[in-house]
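Reproduced below: my_file_34.pdb, with PDB, C-alpha atoms and all ligand atoms.
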ATOM      1  CA  MET A 139      11.509  33.731 -12.792
ATOM      2  CA  LYS A 140      14.936  35.041 -13.766
ATOM      3  CA  CYS A 141      15.620  37.893 -16.183
ATOM      4  CA  ALA A 142      18.101  40.604 -17.207
ATOM      5  CA  ASN A 143      16.466  43.769 -15.936
ATOM      6  CA  LEU A 144      17.814  47.217 -16.780
ATOM      7  CA  HIS A 145      17.341  49.462 -13.734
ATOM      8  CA  GLY A 146      19.260  52.471 -15.018
ATOM      9  CA  ILE A 147      22.162  53.364 -17.270
ATOM     10  CA  GLY A 148      24.964  50.901 -16.488
ATOM     11  CA  ASP A 149      22.757  48.996 -14.037
ATOM     12  CA  LEU A 150      21.753  45.701 -15.657
ATOM     13  CA  ARG A 151      20.685  43.132 -13.082
ATOM     14  CA  TYR A 152      20.241  39.407 -13.251
ATOM     15  CA  GLU A 153      17.285  39.019 -10.906
ATOM     16  CA  ASP A 154      13.956  37.438 -10.063
ATOM     17  CA  ILE A 155      10.705  39.069 -11.148
ATOM     18  CA  ALA A 156       7.091  37.929 -11.016
ATOM     19  CA  GLN A 157       6.007  35.509 -13.722
ATOM     20  CA  PRO A 158       3.986  37.288 -16.436
ATOM     21  CA  ARG A 159       0.319  36.424 -17.017
ATOM     22  CA  CYS A 160      -1.020  36.304 -20.521
ATOM     23  CA  GLU A 161      -4.114  37.989 -21.916
ATOM     24  CA  GLU A 162      -6.480  36.453 -24.481
ATOM     25  CA  ASP A 163      -4.442  37.760 -27.403
ATOM     26  CA  GLU A 164      -1.161  36.525 -25.941
ATOM     27  CA  VAL A 165       0.702  33.306 -25.272
ATOM     28  CA  LEU A 166       3.359  32.567 -22.691
ATOM     29  CA  VAL A 167       6.745  31.872 -24.278
ATOM     30  CA  ALA A 168       9.574  30.091 -22.481
ATOM     31  CA  VAL A 169      12.464  31.907 -24.124
ATOM     32  CA  LYS A 170      15.366  29.657 -25.145
ATOM     33  CA  TYR A 171      17.865  32.111 -26.635
ATOM     34  CA  CYS A 172      18.048  35.874 -26.981
ATOM     35  CA  GLY A 173      20.650  37.667 -29.091
ATOM     36  CA  VAL A 174      22.511  40.741 -27.914
ATOM     37  CA  CYS A 175      21.889  43.375 -30.583
ATOM     38  CA  GLY A 176      24.348  46.168 -31.367
ATOM     39  CA  SER A 177      21.649  48.544 -30.120
ATOM     40  CA  ASP A 178      21.605  46.846 -26.706
ATOM     41  CA  LEU A 179      25.084  48.171 -25.857
ATOM     42  CA  PRO A 180      24.148  51.883 -25.897
ATOM     43  CA  ARG A 181      20.810  50.907 -24.310
ATOM     44  CA  VAL A 182      22.647  49.466 -21.307
ATOM     45  CA  TYR A 183      25.685  51.753 -21.075
ATOM     46  CA  THR A 184      24.885  55.214 -22.424
ATOM     47  CA  LYS A 185      21.367  55.945 -23.626
ATOM     48  CA  GLY A 186      19.165  53.874 -21.341
ATOM     49  CA  THR A 187      15.612  53.029 -22.315
ATOM     50  CA  TYR A 188      12.146  54.590 -22.092
ATOM     51  CA  HIS A 189      11.485  53.666 -18.491
ATOM     52  CA  PHE A 190      13.223  51.685 -15.785
ATOM     53  CA  PRO A 191      13.279  48.904 -15.010
ATOM     54  CA  THR A 192      12.867  47.191 -18.389
ATOM     55  CA  VAL A 193      13.799  43.624 -19.254
ATOM     56  CA  ILE A 194      15.966  44.001 -22.357
ATOM     57  CA  GLY A 195      16.335  41.744 -25.421
ATOM     58  CA  HIS A 196      14.411  41.837 -28.697
ATOM     59  CA  GLU A 197      16.022  39.037 -30.735
ATOM     60  CA  PHE A 198      14.596  35.869 -29.271
ATOM     61  CA  ALA A 199      12.991  32.517 -29.845
ATOM     62  CA  GLY A 200      11.404  29.992 -27.538
ATOM     63  CA  GLN A 201       8.612  27.539 -26.910
ATOM     64  CA  VAL A 202       4.978  28.337 -26.200
ATOM     65  CA  VAL A 203       4.202  26.893 -22.765
ATOM     66  CA  GLU A 204       0.740  28.354 -22.262
ATOM     67  CA  ASP A 205      -1.936  29.409 -24.719
ATOM     68  CA  PRO A 206      -5.318  30.560 -23.364
ATOM     69  CA  LYS A 207      -6.860  29.285 -26.627
ATOM     70  CA  GLY A 208      -4.908  26.033 -26.430
ATOM     71  CA  GLU A 209      -3.777  26.167 -30.073
ATOM     72  CA  LEU A 210      -0.086  26.855 -29.872
ATOM     73  CA  THR A 211       1.067  25.135 -26.715
ATOM     74  CA  GLY A 212       4.335  23.300 -27.355
ATOM     75  CA  LYS A 213       5.109  25.148 -30.586
ATOM     76  CA  ALA A 214       8.552  26.600 -31.307
ATOM     77  CA  VAL A 215       8.316  30.301 -32.141
ATOM     78  CA  ALA A 216      10.376  33.325 -33.085
ATOM     79  CA  VAL A 217       9.047  36.774 -32.214
ATOM     80  CA  PHE A 218       8.725  39.947 -34.285
ATOM     81  CA  PRO A 219       9.460  42.475 -31.511
ATOM     82  CA  LEU A 220       7.523  45.514 -32.772
ATOM     83  CA  LEU A 221       3.961  46.130 -31.603
ATOM     84  CA  PRO A 222       2.315  48.584 -33.988
ATOM     85  CA  CYS A 223      -0.519  50.936 -33.028
ATOM     86  CA  PHE A 224      -2.577  49.665 -36.037
ATOM     87  CA  THR A 225      -4.278  53.063 -36.304
ATOM     88  CA  CYS A 226      -1.748  55.518 -37.806
ATOM     89  CA  ASP A 227      -1.496  56.069 -41.586
ATOM     90  CA  ASN A 228       1.656  53.950 -41.868
ATOM     91  CA  CYS A 229       0.020  51.061 -40.041
ATOM     92  CA  LYS A 230      -3.000  51.278 -42.338
ATOM     93  CA  GLN A 231      -0.538  50.690 -45.215
ATOM     94  CA  GLU A 232       0.976  47.801 -43.212
ATOM     95  CA  GLN A 233       4.262  49.746 -43.025
ATOM     96  CA  TYR A 234       4.686  48.793 -39.402
ATOM     97  CA  ALA A 235       8.408  49.643 -39.169
ATOM     98  CA  THR A 236       7.451  53.293 -39.594
ATOM     99  CA  CYS A 237       4.497  53.236 -37.173
ATOM    100  CA  GLU A 238       4.183  56.562 -35.392
ATOM    101  CA  ASP A 239       3.274  55.123 -32.011
ATOM    102  CA  TYR A 240       4.693  51.651 -31.584
ATOM    103  CA  ASP A 241       5.628  49.519 -28.628
ATOM    104  CA  TYR A 242       8.655  47.204 -28.634
ATOM    105  CA  TYR A 243       9.646  44.092 -26.712
ATOM    106  CA  GLY A 244      12.964  44.756 -25.038
ATOM    107  CA  SER A 245      13.055  48.546 -25.207
ATOM    108  CA  ARG A 246       9.638  50.087 -24.583
ATOM    109  CA  ARG A 247       8.256  47.082 -22.740
ATOM    110  CA  ASP A 248       9.807  43.971 -21.186
ATOM    111  CA  GLY A 249      11.629  41.767 -23.660
ATOM    112  CA  GLY A 250      13.283  38.463 -24.297
ATOM    113  CA  MET A 251      16.154  38.183 -21.820
ATOM    114  CA  SER A 252      13.730  36.497 -19.523
ATOM    115  CA  GLN A 253      12.759  32.919 -18.824
ATOM    116  CA  LEU A 254       9.117  33.670 -19.633
ATOM    117  CA  LEU A 255       7.430  36.403 -21.628
ATOM    118  CA  ALA A 256       3.811  37.011 -22.602
ATOM    119  CA  VAL A 257       3.828  37.658 -26.365
ATOM    120  CA  LYS A 258       1.002  38.843 -28.609
ATOM    121  CA  ARG A 259      -0.193  36.241 -31.100
ATOM    122  CA  TRP A 260       0.254  38.721 -33.970
ATOM    123  CA  ASN A 261       4.022  38.792 -33.280
ATOM    124  CA  LEU A 262       4.595  35.040 -33.380
ATOM    125  CA  LEU A 263       6.288  33.131 -36.195
ATOM    126  CA  LEU A 264       6.341  29.361 -36.185
ATOM    127  CA  ILE A 265       9.863  27.984 -36.492
ATOM    128  CA  PRO A 266      10.039  25.529 -39.407
ATOM    129  CA  GLU A 267      10.988  21.912 -38.819
ATOM    130  CA  GLY A 268      14.723  21.351 -38.514
ATOM    131  CA  LEU A 269      15.658  24.882 -37.492
ATOM    132  CA  GLY A 270      17.134  25.280 -34.011
ATOM    133  CA  TYR A 271      16.312  27.910 -31.408
ATOM    134  CA  GLN A 272      19.753  29.538 -31.661
ATOM    135  CA  GLU A 273      19.317  30.220 -35.364
ATOM    136  CA  ALA A 274      15.681  31.235 -34.921
ATOM    137  CA  ALA A 275      16.808  33.785 -32.316
ATOM    138  CA  MET A 276      18.762  35.397 -35.155
ATOM    139  CA  CYS A 277      15.669  35.941 -37.258
ATOM    140  CA  GLU A 278      15.829  39.719 -36.788
ATOM    141  CA  PRO A 279      19.290  40.306 -38.299
ATOM    142  CA  VAL A 280      18.428  37.842 -41.094
ATOM    143  CA  ALA A 281      15.163  39.700 -41.829
ATOM    144  CA  VAL A 282      16.845  43.119 -41.637
ATOM    145  CA  ALA A 283      19.575  41.960 -44.027
ATOM    146  CA  ARG A 284      16.978  40.528 -46.423
ATOM    147  CA  HIS A 285      15.048  43.772 -46.412
ATOM    148  CA  ALA A 286      18.190  45.779 -47.173
ATOM    149  CA  ILE A 287      19.292  43.489 -50.020
ATOM    150  CA  GLY A 288      15.743  43.522 -51.365
ATOM    151  CA  ARG A 289      15.922  47.321 -51.578
ATOM    152  CA  LEU A 290      19.185  46.977 -53.513
ATOM    153  CA  GLN A 291      17.462  45.060 -56.352
ATOM    154  CA  VAL A 292      20.503  42.897 -57.080
ATOM    155  CA  ALA A 293      20.411  41.688 -60.689
ATOM    156  CA  GLU A 294      21.812  38.362 -61.863
ATOM    157  CA  GLY A 295      25.595  38.699 -62.251
ATOM    158  CA  ASP A 296      26.009  41.936 -60.263
ATOM    159  CA  ASN A 297      29.006  42.417 -58.040
ATOM    160  CA  VAL A 298      27.974  43.560 -54.579
ATOM    161  CA  LEU A 299      30.160  45.512 -52.178
ATOM    162  CA  ILE A 300      29.298  45.494 -48.487
ATOM    163  CA  SER A 301      30.798  48.008 -46.111
ATOM    164  CA  GLY A 302      31.017  46.414 -42.667
ATOM    165  CA  ALA A 303      31.583  42.686 -42.081
ATOM    166  CA  GLY A 304      29.622  42.230 -38.867
ATOM    167  CA  PRO A 305      26.845  39.621 -38.572
ATOM    168  CA  ILE A 306      24.263  41.622 -40.581
ATOM    169  CA  GLY A 307      26.845  42.356 -43.283
ATOM    170  CA  ILE A 308      27.756  38.678 -43.626
ATOM    171  CA  ILE A 309      24.097  37.630 -43.691
ATOM    172  CA  ALA A 310      23.398  40.346 -46.286
ATOM    173  CA  GLY A 311      26.177  38.871 -48.428
ATOM    174  CA  GLN A 312      24.459  35.487 -48.288
ATOM    175  CA  TRP A 313      21.141  37.041 -49.357
ATOM    176  CA  ALA A 314      22.911  38.877 -52.188
ATOM    177  CA  LYS A 315      24.201  35.510 -53.421
ATOM    178  CA  ARG A 316      20.697  34.028 -53.139
ATOM    179  CA  PHE A 317      19.381  36.921 -55.244
ATOM    180  CA  GLY A 318      21.923  36.269 -58.000
ATOM    181  CA  ALA A 319      25.045  38.282 -57.134
ATOM    182  CA  LYS A 320      28.172  37.067 -58.922
ATOM    183  CA  GLN A 321      30.575  37.930 -56.138
ATOM    184  CA  VAL A 322      30.296  39.727 -52.812
ATOM    185  CA  TYR A 323      33.158  41.956 -51.665
ATOM    186  CA  TYR A 324      33.745  43.532 -48.294
ATOM    187  CA  PHE A 325      35.694  46.185 -46.605
ATOM    188  CA  ASP A 326      36.085  46.490 -42.866
ATOM    189  CA  ILE A 327      38.738  47.964 -40.590
ATOM    190  CA  ASP A 328      38.886  44.738 -38.562
ATOM    191  CA  PRO A 329      41.026  42.066 -40.307
ATOM    192  CA  ARG A 330      39.450  39.333 -38.153
ATOM    193  CA  LYS A 331      36.043  40.154 -39.618
ATOM    194  CA  LEU A 332      37.471  39.929 -43.119
ATOM    195  CA  GLU A 333      38.778  36.505 -42.176
ATOM    196  CA  VAL A 334      35.162  35.467 -41.419
ATOM    197  CA  CYS A 335      34.146  36.778 -44.867
ATOM    198  CA  ARG A 336      36.677  34.499 -46.515
ATOM    199  CA  GLU A 337      35.310  31.530 -44.566
ATOM    200  CA  PHE A 338      31.940  32.261 -46.180
ATOM    201  CA  GLY A 339      33.533  32.383 -49.646
ATOM    202  CA  PHE A 340      33.435  36.172 -49.936
ATOM    203  CA  ALA A 341      36.376  38.358 -50.933
ATOM    204  CA  GLU A 342      38.050  41.489 -49.682
ATOM    205  CA  TYR A 343      37.488  44.523 -51.889
ATOM    206  CA  THR A 344      40.743  45.596 -53.520
ATOM    207  CA  GLY A 345      39.597  48.662 -55.440
ATOM    208  CA  ALA A 346      39.889  47.000 -58.841
ATOM    209  CA  GLU A 347      36.483  45.307 -58.998
ATOM    210  CA  LYS A 348      33.524  46.651 -60.915
ATOM    211  CA  ILE A 349      30.757  47.188 -58.378
ATOM    212  CA  GLN A 350      27.113  47.550 -59.387
ATOM    213  CA  CYS A 351      25.530  47.400 -55.921
ATOM    214  CA  VAL A 352      26.705  48.699 -52.550
ATOM    215  CA  LEU A 353      25.342  48.175 -49.060
ATOM    216  CA  GLU A 354      26.709  50.622 -46.481
ATOM    217  CA  GLY A 355      26.336  49.051 -43.072
ATOM    218  CA  THR A 356      28.587  51.026 -40.738
ATOM    219  CA  GLY A 357      27.217  54.575 -40.527
ATOM    220  CA  HIS A 358      30.719  56.039 -40.711
ATOM    221  CA  PRO A 359      31.328  58.964 -43.095
ATOM    222  CA  ALA A 360      34.723  57.570 -44.175
ATOM    223  CA  ALA A 361      33.045  54.297 -45.192
ATOM    224  CA  LEU A 362      30.333  56.188 -47.063
ATOM    225  CA  GLU A 363      33.048  58.036 -49.030
ATOM    226  CA  LYS A 364      34.729  54.757 -49.900
ATOM    227  CA  CYS A 365      31.418  53.262 -51.051
ATOM    228  CA  LEU A 366      30.620  56.182 -53.333
ATOM    229  CA  GLU A 367      34.091  56.013 -54.808
ATOM    230  CA  ALA A 368      33.868  52.249 -55.400
ATOM    231  CA  ILE A 369      30.496  52.175 -57.119
ATOM    232  CA  SER A 370      30.254  52.044 -60.918
ATOM    233  CA  PRO A 371      28.201  54.521 -62.980
ATOM    234  CA  ALA A 372      24.430  53.909 -62.750
ATOM    235  CA  GLY A 373      25.063  51.806 -59.632
ATOM    236  CA  ARG A 374      22.706  51.385 -56.729
ATOM    237  CA  MET A 375      23.480  51.929 -53.065
ATOM    238  CA  VAL A 376      21.473  51.206 -49.946
ATOM    239  CA  LEU A 377      22.271  52.972 -46.673
ATOM    240  CA  MET A 378      21.695  50.753 -43.652
ATOM    241  CA  GLY A 379      24.270  51.657 -40.979
ATOM    242  CA  ASN A 380      23.033  53.827 -38.134
ATOM    243  CA  PRO A 381      25.015  57.086 -38.301
ATOM    244  CA  MET A 382      27.539  57.544 -35.504
ATOM    245  CA  GLY A 383      27.329  61.335 -35.923
ATOM    246  CA  ALA A 384      27.255  63.845 -38.782
ATOM    247  CA  MET A 385      27.664  62.141 -42.163
ATOM    248  CA  ASP A 386      29.761  64.877 -43.795
ATOM    249  CA  MET A 387      31.124  64.286 -47.251
ATOM    250  CA  SER A 388      33.598  66.076 -49.467
ATOM    251  CA  GLN A 389      32.617  67.870 -52.663
ATOM    252  CA  LYS A 390      34.370  65.135 -54.651
ATOM    253  CA  THR A 391      32.352  62.411 -52.942
ATOM    254  CA  TYR A 392      29.098  64.262 -53.464
ATOM    255  CA  TRP A 393      29.935  64.559 -57.137
ATOM    256  CA  HIS A 394      30.081  60.772 -57.428
ATOM    257  CA  ILE A 395      26.328  60.659 -56.798
ATOM    258  CA  LEU A 396      25.694  63.222 -59.541
ATOM    259  CA  ARG A 397      28.232  62.279 -62.172
ATOM    260  CA  LYS A 398      27.664  58.529 -61.900
ATOM    261  CA  GLU A 399      23.894  59.036 -61.740
ATOM    262  CA  LEU A 400      23.631  56.801 -58.716
ATOM    263  CA  THR A 401      20.503  55.507 -57.074
ATOM    264  CA  VAL A 402      20.826  55.933 -53.312
ATOM    265  CA  LEU A 403      18.174  54.406 -51.052
ATOM    266  CA  GLY A 404      17.618  53.939 -47.361
ATOM    267  CA  THR A 405      16.493  50.831 -45.534
ATOM    268  CA  TRP A 406      14.853  50.621 -42.139
ATOM    269  CA  ASN A 407      14.192  47.491 -40.144
ATOM    270  CA  SER A 408      12.158  44.965 -42.171
ATOM    271  CA  SER A 409       8.747  44.214 -43.631
ATOM    272  CA  TYR A 410       6.268  42.156 -41.654
ATOM    273  CA  ASN A 411       2.979  42.290 -43.500
ATOM    274  CA  SER A 412       0.650  40.442 -45.839
ATOM    275  CA  ARG A 413       2.528  41.550 -49.002
ATOM    276  CA  GLN A 414       6.087  41.012 -47.809
ATOM    277  CA  ASN A 415       7.264  39.232 -44.715
ATOM    278  CA  ASP A 416      11.037  39.280 -44.392
ATOM    279  CA  TRP A 417      10.708  37.339 -41.130
ATOM    280  CA  GLN A 418       8.944  34.372 -42.661
ATOM    281  CA  GLU A 419      11.377  34.395 -45.581
ATOM    282  CA  ALA A 420      14.279  34.531 -43.123
ATOM    283  CA  LEU A 421      13.104  31.462 -41.191
ATOM    284  CA  LYS A 422      12.301  29.599 -44.393
ATOM    285  CA  GLU A 423      15.687  30.279 -45.940
ATOM    286  CA  MET A 424      17.582  29.380 -42.764
ATOM    287  CA  ALA A 425      15.697  26.081 -42.571
ATOM    288  CA  LEU A 426      16.560  25.345 -46.220
ATOM    289  CA  GLY A 427      20.225  26.124 -45.562
ATOM    290  CA  GLY A 428      20.407  29.047 -48.004
ATOM    291  CA  ILE A 429      21.326  31.344 -45.135
ATOM    292  CA  ASN A 430      23.745  29.925 -42.592
ATOM    293  CA  VAL A 431      24.067  31.862 -39.343
ATOM    294  CA  LYS A 432      25.581  29.128 -37.163
ATOM    295  CA  PRO A 433      29.244  30.100 -37.795
ATOM    296  CA  LEU A 434      28.404  33.679 -36.789
ATOM    297  CA  ILE A 435      27.468  32.653 -33.251
ATOM    298  CA  THR A 436      30.753  33.127 -31.415
ATOM    299  CA  HIS A 437      29.485  33.197 -27.814
ATOM    300  CA  VAL A 438      26.615  31.776 -25.778
ATOM    301  CA  PHE A 439      26.392  33.090 -22.222
ATOM    302  CA  PRO A 440      23.982  31.724 -19.622
ATOM    303  CA  LEU A 441      21.513  34.323 -18.357
ATOM    304  CA  GLU A 442      23.223  34.667 -14.981
ATOM    305  CA  LYS A 443      26.393  35.771 -16.821
ATOM    306  CA  VAL A 444      24.576  38.439 -18.848
ATOM    307  CA  ASN A 445      26.786  41.189 -17.429
ATOM    308  CA  ASP A 446      29.922  39.291 -18.448
ATOM    309  CA  ALA A 447      28.555  39.187 -22.003
ATOM    310  CA  PHE A 448      27.945  42.935 -22.068
ATOM    311  CA  GLU A 449      31.330  43.749 -20.493
ATOM    312  CA  MET A 450      33.106  41.528 -23.009
ATOM    313  CA  MET A 451      31.315  43.290 -25.874
ATOM    314  CA  LYS A 452      31.832  46.789 -24.468
ATOM    315  CA  ASN A 453      35.547  46.229 -23.800
ATOM    316  CA  LYS A 454      36.001  44.108 -26.955
ATOM    317  CA  SER A 455      38.054  41.796 -24.739
ATOM    318  CA  ASP A 456      37.274  38.912 -27.087
ATOM    319  CA  PHE A 457      36.657  38.802 -30.827
ATOM    320  CA  PHE A 458      32.928  38.329 -31.262
ATOM    321  CA  ASN A 459      30.271  38.217 -33.919
ATOM    322  CA  LYS A 460      26.864  37.211 -32.609
ATOM    323  CA  VAL A 461      26.505  36.833 -28.860
ATOM    324  CA  LEU A 462      23.518  34.873 -27.549
ATOM    325  CA  ILE A 463      22.140  34.626 -24.047
ATOM    326  CA  SER A 464      20.756  31.229 -23.041
ATOM    327  CA  MET A 465      17.792  31.309 -20.673
ATOM    328  CA  GLU A 466      18.685  27.988 -19.202
ATOM    329  CA  VAL A 467      19.640  28.947 -15.681
ATOM    330  CA  GLN A 468      22.214  26.926 -13.831
ATOM    331  CA  ASP A 469      21.765  28.200 -10.297
ATOM    332  CA  GLU A 470      18.141  27.076  -9.953
ATOM    333  CA  GLN A 471      17.375  24.304  -7.503
TER     334      GLN A 471
HETATM  335 ZN    ZN B 501      18.396  43.970 -33.034
HETATM  336 ZN    ZN B 502       0.961  52.830 -36.209
END

In structure tokens, write the structure found in this file.
Ligand SMILES: [Zn+2]
Ligand SMILES: [Zn+2]
Amino acid sequence: MKCANLHGIGDLRYEDIAQPRCEEDEVLVAVKYCGVCGSDLPRVYTKGTYHFPTVIGHEFAGQVVEDPKGELTGKAVAVFPLLPCFTCDNCKQEQYATCEDYDYYGSRRDGGMSQLLAVKRWNLLLIPEGLGYQEAAMCEPVAVARHAIGRLQVAEGDNVLISGAGPIGIIAGQWAKRFGAKQVYYFDIDPRKLEVCREFGFAEYTGAEKIQCVLEGTGHPAALEKCLEAISPAGRMVLMGNPMGAMDMSQKTYWHILRKELTVLGTWNSSYNSRQNDWQEALKEMALGGINVKPLITHVFPLEKVNDAFEMMKNKSDFFNKVLISMEVQDEQ
């Protein structure tokens, strides 16, 4: 069975490994597509992962090919990649994203850039009728964006400003519209990304618009400053972007929070529990057409070209939004 196995920093190999066996609480999934997440780039090139080798990939969907209980065989599934401990205080509250001792497909244990993976039943989501595997593989960014926009509490008629027009930013804009936003504005340093925004019917922020809600998705201090300047008094802001370093701000910027009496919140990952399940909502909304991720998929690489995909993304040799890896292998006899 073929996979993309990370043997060390900068050493990602397309190779054969033994086929996984599934336990009672697992099923065997034949992965169809796995997205390359922004976090996979540092995982491969600079930071590495918890142990080597590890099969990477945590944004994936596929078909159940073996179920020891015989219930799910043949079903199309997406996978929530986090495996909580179920015993810490946060888990007892079903706040699994903040579990103190979690496992994770594609970083702490083998993940989805693999032809087959044994997946716990608890982590499976059935893909609704009519939704393809490529879109279902994007369930994570859609769920993360939904969670963030949910935190923002967009009210009917609000203008929403999103800092960062990457895939999550564009999906967040679509959720904001679903939740009643009047218009969604963007700023981004990449004009090609702003072009994508326009294709989705969103506008570039000019500085003149009245902005009630802001989503900061870049983790850059300069963008944070711009957000705090743009927001109207009594506005709400959600911080989503992973910080690239220190998030210093000037005295003037800090004053915006005080003088405008802003509400500033954080968002982390997504909810996957009995009260709120951003993952189920994500699949449902994609199937209904309320969230459209198809135009965001700019590249699909076959698994044997996984290194080409990562090199392209690292060197930015091509304009890309979402890059998917297809597990269909060409060089098999
Ligand atoms: Zn991800
Ligand atoms: Zn826990």

At a cut-off of 8 Å, using only C-alpha atoms, what residues contact stretch 301-304 of chain A? Leave out same-chain residues fewer than 3 positions from it and give the result as a PDB file with C-alpha atoms, in the frame of the given file.
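Saved file result-v1.pdb follows:
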ATOM      1  CA  GLY A 307      26.845  42.356 -43.283  1.00  0.00           C
ATOM      2  CA  ILE A 308      27.756  38.678 -43.626  1.00  0.00           C
ATOM      3  CA  TYR A 324      33.745  43.532 -48.294  1.00  0.00           C
ATOM      4  CA  PHE A 325      35.694  46.185 -46.605  1.00  0.00           C
ATOM      5  CA  ASP A 326      36.085  46.490 -42.866  1.00  0.00           C
ATOM      6  CA  LYS A 331      36.043  40.154 -39.618  1.00  0.00           C
ATOM      7  CA  LEU A 332      37.471  39.929 -43.119  1.00  0.00           C
ATOM      8  CA  CYS A 335      34.146  36.778 -44.867  1.00  0.00           C
ATOM      9  CA  VAL A 352      26.705  48.699 -52.550  1.00  0.00           C
ATOM     10  CA  LEU A 353      25.342  48.175 -49.060  1.00  0.00           C
ATOM     11  CA  GLU A 354      26.709  50.622 -46.481  1.00  0.00           C
ATOM     12  CA  GLY A 355      26.336  49.051 -43.072  1.00  0.00           C
ATOM     13  CA  THR A 356      28.587  51.026 -40.738  1.00  0.00           C
ATOM     14  CA  ALA A 361      33.045  54.297 -45.192  1.00  0.00           C
ATOM     15  CA  CYS A 365      31.418  53.262 -51.051  1.00  0.00           C
ATOM     16  CA  ASN A 459      30.271  38.217 -33.919  1.00  0.00           C
TER      17      ASN A 459
END

Enumerate, as a compact mmCIF listing (two decimals) with C-alpha atoms, in the frame of the given file, the residues matched when the PyMOL selection byres (((not hetatm)) within 10 of (chain B and resi 501)) is run on the file above.
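Output contents, as saved in selection-v8.txt:
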# COMPACT_ATOMS: atom_id res chain seq x y z
CA GLY A 173 20.65 37.67 -29.09
CA VAL A 174 22.51 40.74 -27.91
CA CYS A 175 21.89 43.38 -30.58
CA GLY A 176 24.35 46.17 -31.37
CA SER A 177 21.65 48.54 -30.12
CA ASP A 178 21.60 46.85 -26.71
CA GLY A 195 16.34 41.74 -25.42
CA HIS A 196 14.41 41.84 -28.70
CA GLU A 197 16.02 39.04 -30.74
CA PHE A 198 14.60 35.87 -29.27
CA PRO A 219 9.46 42.48 -31.51
CA GLY A 244 12.96 44.76 -25.04
CA MET A 276 18.76 35.40 -35.16
CA CYS A 277 15.67 35.94 -37.26
CA GLU A 278 15.83 39.72 -36.79
CA PRO A 279 19.29 40.31 -38.30
CA VAL A 282 16.84 43.12 -41.64
CA ILE A 306 24.26 41.62 -40.58
CA ASN A 407 14.19 47.49 -40.14

Around ligand ZN 502 (chain B), out to 6 Å and counting only C-alpha atoms and all ligand atoms, which residues are there? I want them as a tab-separated table (two decimals) with C-alpha atoms, in the coordinates of the input.
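Wrote selection.tsv, looks like this:
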chain	number	residue	atom	x	y	z
A	222	PRO	CA	2.32	48.58	-33.99
A	223	CYS	CA	-0.52	50.94	-33.03
A	224	PHE	CA	-2.58	49.66	-36.04
A	225	THR	CA	-4.28	53.06	-36.30
A	226	CYS	CA	-1.75	55.52	-37.81
A	228	ASN	CA	1.66	53.95	-41.87
A	229	CYS	CA	0.02	51.06	-40.04
A	237	CYS	CA	4.50	53.24	-37.17
A	238	GLU	CA	4.18	56.56	-35.39
A	239	ASP	CA	3.27	55.12	-32.01

**Message:** Can you translate the PyMOL selection byres (((chain A and resi 372) around 9) and not hetatm) into the concrete residues it hits in this file, as a VMD selection string?
**Reply:** chain A and resid 350 369 to 371 373 to 374 398 to 401

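Nearest to A:Met451 of all the residues A:Tyr152, A:Trp406, A:Tyr171, A:Tyr183 is A:Tyr183, counting all atoms listed in the file.
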
**Item:** Resolved residues for the PyMOL selection byres (((chain A and resi 211-215) around 10) and not hetatm) as a VMD selection string
**Value:** chain A and resid 165 to 170 198 to 210 216 to 218 261 to 267 269 to 271 274 to 275

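Counting from atom CA of A:Ala283, the distance to atom CA of A:Ala310 is 4.7 Å.
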
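Note that atom CA of A:Val292 and atom CA of A:Ser388 are 27.7 Å apart.
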
**Complete:** One residue among A:Glu337, A:Leu403, A:Tyr234, A:Tyr392 is nearest to A:Leu290 when using all atoms listed in the file, and that residue is A:Leu403

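Note that atom CA of A:Lys364 and atom CA of A:Arg397 are 15.8 Å apart.
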
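Take the candidates A:Ala384, A:Arg289, A:Ala346, A:Arg316 and check each one against A:Val402 using all atoms listed in the file; the shortest distance goes to A:Arg289.
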
**Message:** Within 12 Å of (22.1, 36.7, -58.7) (file coordinates; all atoms listed in the file), which protein or nucleic acid residues are there? I'd like them as a PyMOL selection string.
**Reply:** chain A and resi 287-288+290-298+311-322+350-351

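Nearest-residue note for A:Asn415: choosing from A:Asn445, A:Gln233, A:Thr187, A:Thr436, the minimum distance belongs to A:Gln233, counting all atoms listed in the file.
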
**Prompt:** If you count only C-alpha atoms, which residues fall within 10 Å of A:Lys452, apart from same-chain ones fewer than 5 positions away, as JSON, numbers by chain?
**Reply:** {"A": [179, 180, 183, 446, 447]}
